[in-house]
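Asker: Just so it is clear, I am handing over protein-v5.txt, which has compact mmCIF, N, CA and C atoms.
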# COMPACT_ATOMS: atom_id res chain seq x y z
N MET A 894 12.98 20.81 -14.93
CA MET A 894 12.92 19.93 -13.79
C MET A 894 13.57 20.65 -12.62
N THR A 895 12.88 20.63 -11.48
CA THR A 895 13.41 21.32 -10.30
C THR A 895 14.21 20.35 -9.45
N PRO A 896 15.31 20.79 -8.87
CA PRO A 896 16.09 19.90 -8.02
C PRO A 896 15.35 19.62 -6.72
N PRO A 897 15.62 18.47 -6.10
CA PRO A 897 14.95 18.15 -4.83
C PRO A 897 15.36 19.14 -3.75
N GLN A 898 14.43 19.47 -2.89
CA GLN A 898 14.69 20.39 -1.80
C GLN A 898 15.34 19.64 -0.64
N ARG A 899 16.40 20.18 -0.14
CA ARG A 899 17.07 19.58 1.02
C ARG A 899 16.54 20.21 2.28
N GLN A 900 16.44 19.39 3.32
CA GLN A 900 15.99 19.93 4.59
C GLN A 900 17.18 20.49 5.35
N ARG A 901 17.01 21.67 5.87
CA ARG A 901 18.08 22.32 6.62
C ARG A 901 18.15 21.72 8.02
N ARG A 902 19.35 21.48 8.47
CA ARG A 902 19.56 20.96 9.82
C ARG A 902 19.97 22.11 10.72
N THR A 903 19.37 22.16 11.88
CA THR A 903 19.69 23.21 12.83
C THR A 903 20.22 22.60 14.12
N PRO A 904 21.09 23.31 14.83
CA PRO A 904 21.55 22.78 16.11
C PRO A 904 20.38 22.66 17.08
N GLY A 905 20.37 21.58 17.81
CA GLY A 905 19.28 21.35 18.76
C GLY A 905 19.79 20.72 20.04
N PRO A 906 18.90 20.31 20.92
CA PRO A 906 19.31 19.73 22.19
C PRO A 906 20.03 18.40 22.04
N ASP A 907 19.81 17.69 20.94
CA ASP A 907 20.46 16.40 20.73
C ASP A 907 21.80 16.52 20.03
N GLY A 908 22.26 17.71 19.77
CA GLY A 908 23.56 17.87 19.12
C GLY A 908 23.44 18.67 17.84
N PRO A 909 24.53 18.83 17.13
CA PRO A 909 24.52 19.67 15.95
C PRO A 909 23.77 19.08 14.77
N ALA A 910 23.50 17.80 14.75
CA ALA A 910 22.88 17.18 13.58
C ALA A 910 21.40 16.90 13.78
N ALA A 911 20.75 17.60 14.71
CA ALA A 911 19.32 17.35 14.94
C ALA A 911 18.51 17.90 13.78
N PRO A 912 17.49 17.16 13.32
CA PRO A 912 16.68 17.66 12.21
C PRO A 912 15.85 18.85 12.66
N ALA A 913 15.48 19.65 11.70
CA ALA A 913 14.66 20.83 12.00
C ALA A 913 13.31 20.40 12.53
N PRO A 914 12.67 21.22 13.39
CA PRO A 914 11.41 20.82 13.98
C PRO A 914 10.29 20.64 12.96
N HIS A 915 10.39 21.26 11.79
CA HIS A 915 9.33 21.13 10.80
C HIS A 915 9.55 19.93 9.87
N SER A 916 10.51 19.06 10.18
CA SER A 916 10.79 17.93 9.30
C SER A 916 9.67 16.90 9.38
N ALA A 917 9.60 16.06 8.38
CA ALA A 917 8.56 15.05 8.30
C ALA A 917 8.76 14.01 9.39
N PRO A 918 7.67 13.37 9.86
CA PRO A 918 7.80 12.34 10.89
C PRO A 918 8.56 11.13 10.35
N ALA A 919 9.19 10.41 11.28
CA ALA A 919 9.97 9.24 10.89
C ALA A 919 9.03 8.16 10.36
N LYS A 920 9.49 7.46 9.34
CA LYS A 920 8.71 6.37 8.79
C LYS A 920 8.81 5.18 9.72
N GLU A 921 7.92 4.20 9.53
CA GLU A 921 7.94 3.01 10.37
C GLU A 921 9.27 2.28 10.17
N GLY A 922 9.89 1.88 11.27
CA GLY A 922 11.17 1.19 11.21
C GLY A 922 12.35 2.13 11.13
N GLU A 923 12.10 3.42 11.01
CA GLU A 923 13.18 4.40 10.93
C GLU A 923 13.23 5.16 12.25
N LEU A 924 14.38 5.13 12.90
CA LEU A 924 14.51 5.75 14.21
C LEU A 924 15.09 7.14 14.10
N ARG A 925 14.59 8.04 14.91
CA ARG A 925 15.13 9.39 14.92
C ARG A 925 16.36 9.49 15.81
N ASN A 926 16.42 8.68 16.86
CA ASN A 926 17.49 8.81 17.82
C ASN A 926 18.09 7.44 18.14
N PRO A 927 19.01 6.94 17.33
CA PRO A 927 19.57 5.61 17.58
C PRO A 927 20.39 5.53 18.86
N GLU A 928 20.86 6.67 19.37
CA GLU A 928 21.61 6.64 20.61
C GLU A 928 20.73 6.18 21.76
N ARG A 929 19.43 6.45 21.67
CA ARG A 929 18.50 6.05 22.72
C ARG A 929 18.52 4.54 22.91
N LEU A 930 18.64 3.78 21.82
CA LEU A 930 18.66 2.32 21.91
C LEU A 930 19.87 1.85 22.70
N PHE A 931 21.00 2.53 22.55
CA PHE A 931 22.18 2.16 23.31
C PHE A 931 21.96 2.45 24.79
N VAL A 932 21.32 3.54 25.09
CA VAL A 932 21.05 3.89 26.48
C VAL A 932 20.08 2.88 27.09
N ILE A 933 19.06 2.48 26.35
CA ILE A 933 18.08 1.52 26.85
C ILE A 933 18.74 0.18 27.09
N GLY A 934 19.48 -0.31 26.12
CA GLY A 934 20.05 -1.65 26.21
C GLY A 934 21.35 -1.71 26.98
N GLY A 935 21.99 -0.59 27.20
CA GLY A 935 23.28 -0.61 27.87
C GLY A 935 24.34 -1.11 26.92
N GLU A 936 25.46 -1.48 27.48
CA GLU A 936 26.55 -1.96 26.63
C GLU A 936 26.21 -3.28 25.96
N GLY A 937 25.52 -4.17 26.68
CA GLY A 937 25.11 -5.44 26.09
C GLY A 937 26.27 -6.31 25.66
N GLY A 938 27.45 -6.10 26.27
CA GLY A 938 28.63 -6.85 25.88
C GLY A 938 28.67 -8.24 26.48
N GLY A 939 27.83 -8.51 27.46
CA GLY A 939 27.83 -9.81 28.12
C GLY A 939 27.07 -10.86 27.33
N GLU A 940 26.88 -11.99 27.96
CA GLU A 940 26.15 -13.08 27.32
C GLU A 940 24.67 -12.72 27.23
N ARG A 941 24.04 -13.16 26.16
CA ARG A 941 22.61 -12.97 26.00
C ARG A 941 21.90 -14.29 26.20
N ALA A 942 20.69 -14.21 26.72
CA ALA A 942 19.88 -15.41 26.90
C ALA A 942 19.49 -15.97 25.54
N ASP A 943 19.25 -17.26 25.51
CA ASP A 943 18.86 -17.93 24.27
C ASP A 943 17.36 -17.70 24.05
N ILE A 944 17.04 -16.57 23.45
CA ILE A 944 15.65 -16.16 23.23
C ILE A 944 15.43 -15.99 21.74
N ASP A 945 14.31 -16.54 21.24
CA ASP A 945 13.96 -16.30 19.85
C ASP A 945 12.61 -15.59 19.78
N LEU A 946 12.09 -15.39 18.60
CA LEU A 946 10.88 -14.60 18.43
C LEU A 946 9.63 -15.20 19.06
N VAL A 947 9.60 -16.53 19.22
CA VAL A 947 8.40 -17.17 19.75
C VAL A 947 8.54 -17.60 21.21
N THR A 948 9.65 -17.26 21.85
CA THR A 948 9.82 -17.59 23.26
C THR A 948 8.78 -16.82 24.07
N LEU A 949 8.10 -17.52 24.96
CA LEU A 949 7.07 -16.88 25.78
C LEU A 949 7.71 -16.35 27.06
N ILE A 950 7.35 -15.13 27.42
CA ILE A 950 7.88 -14.48 28.61
C ILE A 950 6.74 -14.24 29.58
N VAL A 951 6.96 -14.59 30.86
CA VAL A 951 5.97 -14.39 31.91
C VAL A 951 6.66 -13.69 33.07
N ALA A 952 6.02 -12.64 33.59
CA ALA A 952 6.57 -11.91 34.74
C ALA A 952 6.40 -12.75 36.01
N ARG A 953 7.41 -12.74 36.85
CA ARG A 953 7.36 -13.45 38.12
C ARG A 953 7.16 -12.50 39.29
N ALA A 954 7.33 -11.20 39.05
CA ALA A 954 7.21 -10.21 40.12
C ALA A 954 6.79 -8.88 39.53
N ASP A 955 6.38 -7.99 40.42
CA ASP A 955 6.07 -6.62 40.00
C ASP A 955 7.37 -5.88 39.72
N PRO A 956 7.30 -4.80 38.95
CA PRO A 956 8.52 -4.04 38.64
C PRO A 956 9.13 -3.45 39.92
N PRO A 957 10.41 -3.67 40.17
CA PRO A 957 11.05 -3.04 41.34
C PRO A 957 11.25 -1.55 41.10
N VAL A 958 11.53 -0.84 42.16
CA VAL A 958 11.73 0.61 42.06
C VAL A 958 12.95 0.92 41.20
N SER A 959 13.95 0.05 41.21
CA SER A 959 15.19 0.30 40.48
C SER A 959 15.09 -0.01 38.99
N ALA A 960 13.95 -0.53 38.53
CA ALA A 960 13.80 -0.91 37.11
C ALA A 960 13.71 0.33 36.24
N THR A 961 14.27 0.21 35.04
CA THR A 961 14.16 1.29 34.06
C THR A 961 12.71 1.35 33.56
N PRO A 962 12.30 2.43 32.93
CA PRO A 962 10.93 2.50 32.41
C PRO A 962 10.62 1.38 31.41
N GLU A 963 11.59 1.03 30.59
CA GLU A 963 11.37 -0.03 29.60
C GLU A 963 11.21 -1.39 30.29
N GLN A 964 12.04 -1.65 31.32
CA GLN A 964 11.92 -2.91 32.05
C GLN A 964 10.59 -2.98 32.79
N ALA A 965 10.17 -1.87 33.37
CA ALA A 965 8.88 -1.84 34.06
C ALA A 965 7.74 -2.10 33.07
N ALA A 966 7.83 -1.53 31.89
CA ALA A 966 6.81 -1.76 30.86
C ALA A 966 6.79 -3.23 30.44
N LEU A 967 7.96 -3.83 30.30
CA LEU A 967 8.04 -5.25 29.96
C LEU A 967 7.37 -6.09 31.03
N LEU A 968 7.66 -5.80 32.29
CA LEU A 968 7.10 -6.59 33.38
C LEU A 968 5.58 -6.42 33.46
N ARG A 969 5.08 -5.23 33.20
CA ARG A 969 3.63 -5.02 33.23
C ARG A 969 2.96 -5.75 32.06
N LEU A 970 3.59 -5.74 30.89
CA LEU A 970 3.02 -6.43 29.74
C LEU A 970 3.00 -7.95 29.92
N CYS A 971 3.98 -8.46 30.66
CA CYS A 971 4.15 -9.91 30.78
C CYS A 971 3.34 -10.52 31.92
N ALA A 972 2.30 -9.83 32.39
CA ALA A 972 1.45 -10.42 33.42
C ALA A 972 0.85 -11.72 32.87
N ALA A 973 0.51 -11.72 31.60
CA ALA A 973 0.09 -12.92 30.88
C ALA A 973 1.21 -13.26 29.89
N PRO A 974 1.39 -14.53 29.56
CA PRO A 974 2.48 -14.91 28.65
C PRO A 974 2.38 -14.20 27.30
N LEU A 975 3.50 -13.60 26.88
CA LEU A 975 3.60 -12.96 25.58
C LEU A 975 4.90 -13.39 24.90
N SER A 976 4.87 -13.48 23.58
CA SER A 976 6.09 -13.82 22.85
C SER A 976 6.98 -12.58 22.78
N THR A 977 8.25 -12.81 22.55
CA THR A 977 9.19 -11.69 22.45
C THR A 977 8.88 -10.83 21.21
N ALA A 978 8.33 -11.43 20.18
CA ALA A 978 7.95 -10.65 18.99
C ALA A 978 6.83 -9.68 19.35
N GLU A 979 5.86 -10.14 20.15
CA GLU A 979 4.77 -9.25 20.57
C GLU A 979 5.30 -8.13 21.46
N LEU A 980 6.20 -8.47 22.37
CA LEU A 980 6.78 -7.45 23.25
C LEU A 980 7.51 -6.39 22.44
N SER A 981 8.27 -6.84 21.47
CA SER A 981 9.00 -5.92 20.61
C SER A 981 8.05 -4.98 19.88
N ALA A 982 6.94 -5.52 19.40
CA ALA A 982 5.96 -4.70 18.68
C ALA A 982 5.25 -3.73 19.61
N TYR A 983 4.84 -4.20 20.79
CA TYR A 983 4.11 -3.33 21.72
C TYR A 983 4.98 -2.18 22.22
N LEU A 984 6.27 -2.44 22.42
CA LEU A 984 7.16 -1.39 22.93
C LEU A 984 7.80 -0.57 21.81
N SER A 985 7.59 -0.96 20.57
CA SER A 985 8.21 -0.29 19.41
C SER A 985 9.73 -0.24 19.54
N LEU A 986 10.29 -1.36 19.96
CA LEU A 986 11.74 -1.49 20.10
C LEU A 986 12.22 -2.64 19.23
N PRO A 987 13.44 -2.56 18.70
CA PRO A 987 13.97 -3.68 17.92
C PRO A 987 14.10 -4.94 18.78
N PHE A 988 14.02 -6.08 18.14
CA PHE A 988 14.10 -7.35 18.86
C PHE A 988 15.41 -7.48 19.63
N SER A 989 16.50 -6.99 19.07
CA SER A 989 17.80 -7.10 19.74
C SER A 989 17.81 -6.33 21.06
N VAL A 990 17.16 -5.17 21.11
CA VAL A 990 17.11 -4.38 22.34
C VAL A 990 16.23 -5.09 23.37
N VAL A 991 15.11 -5.66 22.92
CA VAL A 991 14.24 -6.40 23.83
C VAL A 991 14.98 -7.61 24.39
N THR A 992 15.80 -8.25 23.58
CA THR A 992 16.59 -9.39 24.05
C THR A 992 17.55 -8.97 25.15
N VAL A 993 18.19 -7.84 25.00
CA VAL A 993 19.11 -7.34 26.03
C VAL A 993 18.34 -7.05 27.32
N LEU A 994 17.19 -6.41 27.21
CA LEU A 994 16.38 -6.11 28.39
C LEU A 994 15.91 -7.38 29.08
N LEU A 995 15.47 -8.36 28.29
CA LEU A 995 14.99 -9.61 28.87
C LEU A 995 16.12 -10.41 29.51
N THR A 996 17.31 -10.35 28.94
CA THR A 996 18.45 -11.04 29.54
C THR A 996 18.72 -10.49 30.93
N ASP A 997 18.63 -9.17 31.05
CA ASP A 997 18.80 -8.51 32.34
C ASP A 997 17.74 -8.97 33.34
N LEU A 998 16.49 -9.01 32.89
CA LEU A 998 15.39 -9.42 33.77
C LEU A 998 15.46 -10.90 34.12
N LEU A 999 15.93 -11.72 33.20
CA LEU A 999 16.11 -13.15 33.50
C LEU A 999 17.19 -13.36 34.54
N ALA A 1000 18.27 -12.58 34.45
CA ALA A 1000 19.36 -12.71 35.42
C ALA A 1000 18.89 -12.32 36.82
N LYS A 1001 17.98 -11.35 36.90
CA LYS A 1001 17.44 -10.91 38.19
C LYS A 1001 16.26 -11.77 38.63
N GLU A 1002 15.89 -12.77 37.82
CA GLU A 1002 14.78 -13.69 38.08
C GLU A 1002 13.44 -12.96 38.24
N LEU A 1003 13.25 -11.90 37.47
CA LEU A 1003 11.99 -11.18 37.48
C LEU A 1003 11.02 -11.68 36.42
N VAL A 1004 11.56 -12.38 35.41
CA VAL A 1004 10.71 -12.99 34.38
C VAL A 1004 11.15 -14.43 34.18
N GLN A 1005 10.26 -15.18 33.56
CA GLN A 1005 10.55 -16.57 33.21
C GLN A 1005 10.34 -16.74 31.72
N ALA A 1006 11.28 -17.39 31.06
CA ALA A 1006 11.18 -17.65 29.63
C ALA A 1006 10.91 -19.13 29.41
N ARG A 1007 10.00 -19.41 28.49
CA ARG A 1007 9.71 -20.81 28.18
C ARG A 1007 9.41 -20.95 26.70
N ALA A 1008 9.66 -22.13 26.22
CA ALA A 1008 9.39 -22.41 24.81
C ALA A 1008 7.89 -22.45 24.59
N PRO A 1009 7.43 -22.11 23.41
CA PRO A 1009 5.98 -22.15 23.16
C PRO A 1009 5.47 -23.58 23.21
N ILE A 1010 4.19 -23.72 23.54
CA ILE A 1010 3.57 -25.03 23.61
C ILE A 1010 3.31 -25.51 22.20
N VAL A 1011 3.85 -26.66 21.86
CA VAL A 1011 3.69 -27.21 20.51
C VAL A 1011 2.66 -28.32 20.58
N ARG A 1012 1.63 -28.20 19.81
CA ARG A 1012 0.57 -29.20 19.76
C ARG A 1012 1.00 -30.34 18.84
N GLN A 1013 0.57 -31.56 19.21
CA GLN A 1013 0.87 -32.69 18.35
C GLN A 1013 0.03 -32.59 17.09
N LYS A 1014 0.63 -32.96 15.96
CA LYS A 1014 -0.10 -32.90 14.69
C LYS A 1014 -1.14 -34.00 14.62
N VAL A 1015 -0.82 -35.18 15.14
CA VAL A 1015 -1.73 -36.31 15.10
C VAL A 1015 -2.05 -36.70 16.55
N ALA A 1016 -3.31 -36.89 16.83
CA ALA A 1016 -3.71 -37.29 18.18
C ALA A 1016 -3.21 -38.69 18.50
N ASP A 1017 -3.03 -38.97 19.77
CA ASP A 1017 -2.58 -40.28 20.23
C ASP A 1017 -3.65 -41.34 19.90
N ARG A 1018 -3.22 -42.45 19.35
CA ARG A 1018 -4.16 -43.50 18.94
C ARG A 1018 -4.93 -44.05 20.13
N ASN A 1019 -4.26 -44.25 21.27
CA ASN A 1019 -4.92 -44.78 22.46
C ASN A 1019 -6.03 -43.83 22.94
N LEU A 1020 -5.78 -42.54 22.86
CA LEU A 1020 -6.78 -41.57 23.26
C LEU A 1020 -7.99 -41.62 22.34
N LEU A 1021 -7.73 -41.71 21.04
CA LEU A 1021 -8.85 -41.79 20.09
C LEU A 1021 -9.68 -43.06 20.29
N GLU A 1022 -9.02 -44.17 20.59
CA GLU A 1022 -9.76 -45.42 20.83
C GLU A 1022 -10.58 -45.33 22.10
N ALA A 1023 -10.02 -44.69 23.15
CA ALA A 1023 -10.77 -44.55 24.40
C ALA A 1023 -12.00 -43.67 24.20
N VAL A 1024 -11.87 -42.60 23.43
CA VAL A 1024 -13.02 -41.75 23.14
C VAL A 1024 -14.06 -42.52 22.33
N MET A 1025 -13.61 -43.28 21.34
CA MET A 1025 -14.53 -44.06 20.50
C MET A 1025 -15.29 -45.07 21.36
N HIS A 1026 -14.60 -45.80 22.24
CA HIS A 1026 -15.25 -46.79 23.08
C HIS A 1026 -16.23 -46.12 24.05
N GLY A 1027 -15.86 -44.95 24.56
CA GLY A 1027 -16.76 -44.22 25.46
C GLY A 1027 -18.02 -43.77 24.74
N LEU A 1028 -17.88 -43.34 23.50
CA LEU A 1028 -19.04 -42.92 22.73
C LEU A 1028 -19.95 -44.11 22.38
N GLN A 1029 -19.32 -45.26 22.12
CA GLN A 1029 -20.12 -46.44 21.79
C GLN A 1029 -20.93 -46.93 22.99
N LYS A 1030 -20.43 -46.72 24.20
CA LYS A 1030 -21.16 -47.14 25.41
C LYS A 1030 -22.35 -46.25 25.70
N LEU A 1031 -22.37 -45.06 25.13
CA LEU A 1031 -23.52 -44.18 25.34
C LEU A 1031 -24.68 -44.73 24.62
Reformat the file's structure so that it appears as structure tokens.
Answerer:
Amino acid sequence: MTPPQRQRRTPGPDGPAAPAPHSAPAKEGELRNPERLFVIGGEGGGERADIDLVTLIVARADPPVSATPEQAALLRLCAAPLSTAELSAYLSLPFSVVTVLLTDLLAKELVQARAPIVRQKVADRNLLEAVMHGLQKL
């Protein structure tokens, strides 16, 4: 039985622990550079908006010049209402990072967050009777 081969790490632009250029690509959900998430989200030590996976986000303005690339991408995607889960998937960012970005945009009033539209399970009885009476008059 042969022992598993270890991949050699070489110094690179990201520091001494950068993987060798011939290493295998990252698997889904596995990040190569977790420091990037901190840079994108900032410190995030403040209050976060009450956003869950199904909260719909709609852009209220075009991306300002001062917006980060991720914020500009969020604003462009939100021309039509999208859930935060969809935004997270489209940008390939964790939900927590998207929440930090959206909190920033909500504070600047560049986006609007709203709860999803919930349909009634049972139709209103008065509406059904009005439709029935209208059909009977035909």
Asker: Rounded to one decimal place, report the atom N of A:Gln964-atom CA of A:Ile1010 distance in Å.
Answerer: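 Separation of atom N of A:Gln964 and atom CA of A:Ile1010: 26.0 Å.
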Asker: Report as a list of chain:residue names: the residues of stretch 933-1008 of chain A with a DSSP assignment of strand (DSSP E or B), based on the backbone of this structure.
Answerer: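 Here are the strand (DSSP E or B) residues of stretch 933-1008 of chain A: A:Leu949, A:Ile950, A:Val951, A:Ala952, A:Leu975, A:Ser976, A:Val1004, A:Gln1005, A:Ala1006, A:Arg1007.
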Asker: Give me the residues within 7 Å of A:Leu946 as JSON, numbers by chain, counting all atoms listed in the file and dropping any in the same chain fewer than 4 places off.
Answerer: {"A": [976, 977, 978, 979]}
Asker: Excluding A:Ala982 and its own-chain neighbours fewer than 2 positions away, which residues fall within 12 Å of it when counting only C-alpha atoms? Please give them as a tab-separated table (two decimals) with N, CA and C atoms, in the frame of the given file.
Answerer:
chain	number	residue	atom	x	y	z
A	921	GLU	N	7.92	4.20	9.53
A	921	GLU	CA	7.94	3.01	10.37
A	921	GLU	C	9.27	2.28	10.17
A	922	GLY	N	9.89	1.88	11.27
A	922	GLY	CA	11.17	1.19	11.21
A	922	GLY	C	12.35	2.13	11.13
A	946	LEU	N	12.09	-15.39	18.60
A	946	LEU	CA	10.88	-14.60	18.43
A	946	LEU	C	9.63	-15.20	19.06
A	967	LEU	N	7.96	-3.83	30.30
A	967	LEU	CA	8.04	-5.25	29.96
A	967	LEU	C	7.37	-6.09	31.03
A	970	LEU	N	3.59	-5.74	30.89
A	970	LEU	CA	3.02	-6.43	29.74
A	970	LEU	C	3.00	-7.95	29.92
A	975	LEU	N	3.50	-13.60	26.88
A	975	LEU	CA	3.60	-12.96	25.58
A	975	LEU	C	4.90	-13.39	24.90
A	976	SER	N	4.87	-13.48	23.58
A	976	SER	CA	6.09	-13.82	22.85
A	976	SER	C	6.98	-12.58	22.78
A	977	THR	N	8.25	-12.81	22.55
A	977	THR	CA	9.19	-11.69	22.45
A	977	THR	C	8.88	-10.83	21.21
A	978	ALA	N	8.33	-11.43	20.18
A	978	ALA	CA	7.95	-10.65	18.99
A	978	ALA	C	6.83	-9.68	19.35
A	979	GLU	N	5.86	-10.14	20.15
A	979	GLU	CA	4.77	-9.25	20.57
A	979	GLU	C	5.30	-8.13	21.46
A	980	LEU	N	6.20	-8.47	22.37
A	980	LEU	CA	6.78	-7.45	23.25
A	980	LEU	C	7.51	-6.39	22.44
A	984	LEU	N	6.27	-2.44	22.42
A	984	LEU	CA	7.16	-1.39	22.93
A	984	LEU	C	7.80	-0.57	21.81
A	985	SER	N	7.59	-0.96	20.57
A	985	SER	CA	8.21	-0.29	19.41
A	985	SER	C	9.73	-0.24	19.54
A	986	LEU	N	10.29	-1.36	19.96
A	986	LEU	CA	11.74	-1.49	20.10
A	986	LEU	C	12.22	-2.64	19.23
A	987	PRO	N	13.44	-2.56	18.70
A	987	PRO	CA	13.97	-3.68	17.92
A	987	PRO	C	14.10	-4.94	18.78
A	988	PHE	N	14.02	-6.08	18.14
A	988	PHE	CA	14.10	-7.35	18.86
A	988	PHE	C	15.41	-7.48	19.63
A	990	VAL	N	17.16	-5.17	21.11
A	990	VAL	CA	17.11	-4.38	22.34
A	990	VAL	C	16.23	-5.09	23.37
A	991	VAL	N	15.11	-5.66	22.92
A	991	VAL	CA	14.24	-6.40	23.83
A	991	VAL	C	14.98	-7.61	24.39
Asker: Go ahead and compute the interatomic distance for atom CA of A:Pro956 and atom C of A:Tyr983, in Å to one decimal.
Answerer: 16.9 Å
Asker: Quick one, how far is atom CA of A:Ala960 from atom CA of A:Asp945?
Answerer: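 Distance reported for this atom pair: 23.1 Å.
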Asker: Using all atoms listed in the file, what residues lie at most 8 Å away from (18.2, -15.3, 26.5) (file coordinates), given as an MDAnalysis selection string?
Answerer: chainID A and resid 940:945 992:993 995:997 999
Asker: Emit the selected residues as an mmCIF file, keeping the file's coordinate frame, including N, CA and C atoms.
Answerer:
data_model
loop_
_atom_site.group_PDB
_atom_site.id
_atom_site.type_symbol
_atom_site.label_atom_id
_atom_site.label_comp_id
_atom_site.auth_asym_id
_atom_site.auth_seq_id
_atom_site.Cartn_x
_atom_site.Cartn_y
_atom_site.Cartn_z
ATOM 1 N N GLU A 940 26.880 -11.990 27.960
ATOM 2 C CA GLU A 940 26.150 -13.080 27.320
ATOM 3 C C GLU A 940 24.670 -12.720 27.230
ATOM 4 N N ARG A 941 24.040 -13.160 26.160
ATOM 5 C CA ARG A 941 22.610 -12.970 26.000
ATOM 6 C C ARG A 941 21.900 -14.290 26.200
ATOM 7 N N ALA A 942 20.690 -14.210 26.720
ATOM 8 C CA ALA A 942 19.880 -15.410 26.900
ATOM 9 C C ALA A 942 19.490 -15.970 25.540
ATOM 10 N N ASP A 943 19.250 -17.260 25.510
ATOM 11 C CA ASP A 943 18.860 -17.930 24.270
ATOM 12 C C ASP A 943 17.360 -17.700 24.050
ATOM 13 N N ILE A 944 17.040 -16.570 23.450
ATOM 14 C CA ILE A 944 15.650 -16.160 23.230
ATOM 15 C C ILE A 944 15.430 -15.990 21.740
ATOM 16 N N ASP A 945 14.310 -16.540 21.240
ATOM 17 C CA ASP A 945 13.960 -16.300 19.850
ATOM 18 C C ASP A 945 12.610 -15.590 19.780
ATOM 19 N N THR A 992 15.800 -8.250 23.580
ATOM 20 C CA THR A 992 16.590 -9.390 24.050
ATOM 21 C C THR A 992 17.550 -8.970 25.150
ATOM 22 N N VAL A 993 18.190 -7.840 25.000
ATOM 23 C CA VAL A 993 19.110 -7.340 26.030
ATOM 24 C C VAL A 993 18.340 -7.050 27.320
ATOM 25 N N LEU A 995 15.470 -8.360 28.290
ATOM 26 C CA LEU A 995 14.990 -9.610 28.870
ATOM 27 C C LEU A 995 16.120 -10.410 29.510
ATOM 28 N N THR A 996 17.310 -10.350 28.940
ATOM 29 C CA THR A 996 18.450 -11.040 29.540
ATOM 30 C C THR A 996 18.720 -10.490 30.930
ATOM 31 N N ASP A 997 18.630 -9.170 31.050
ATOM 32 C CA ASP A 997 18.800 -8.510 32.340
ATOM 33 C C ASP A 997 17.740 -8.970 33.340
ATOM 34 N N LEU A 999 15.930 -11.720 33.200
ATOM 35 C CA LEU A 999 16.110 -13.150 33.500
ATOM 36 C C LEU A 999 17.190 -13.360 34.540
#
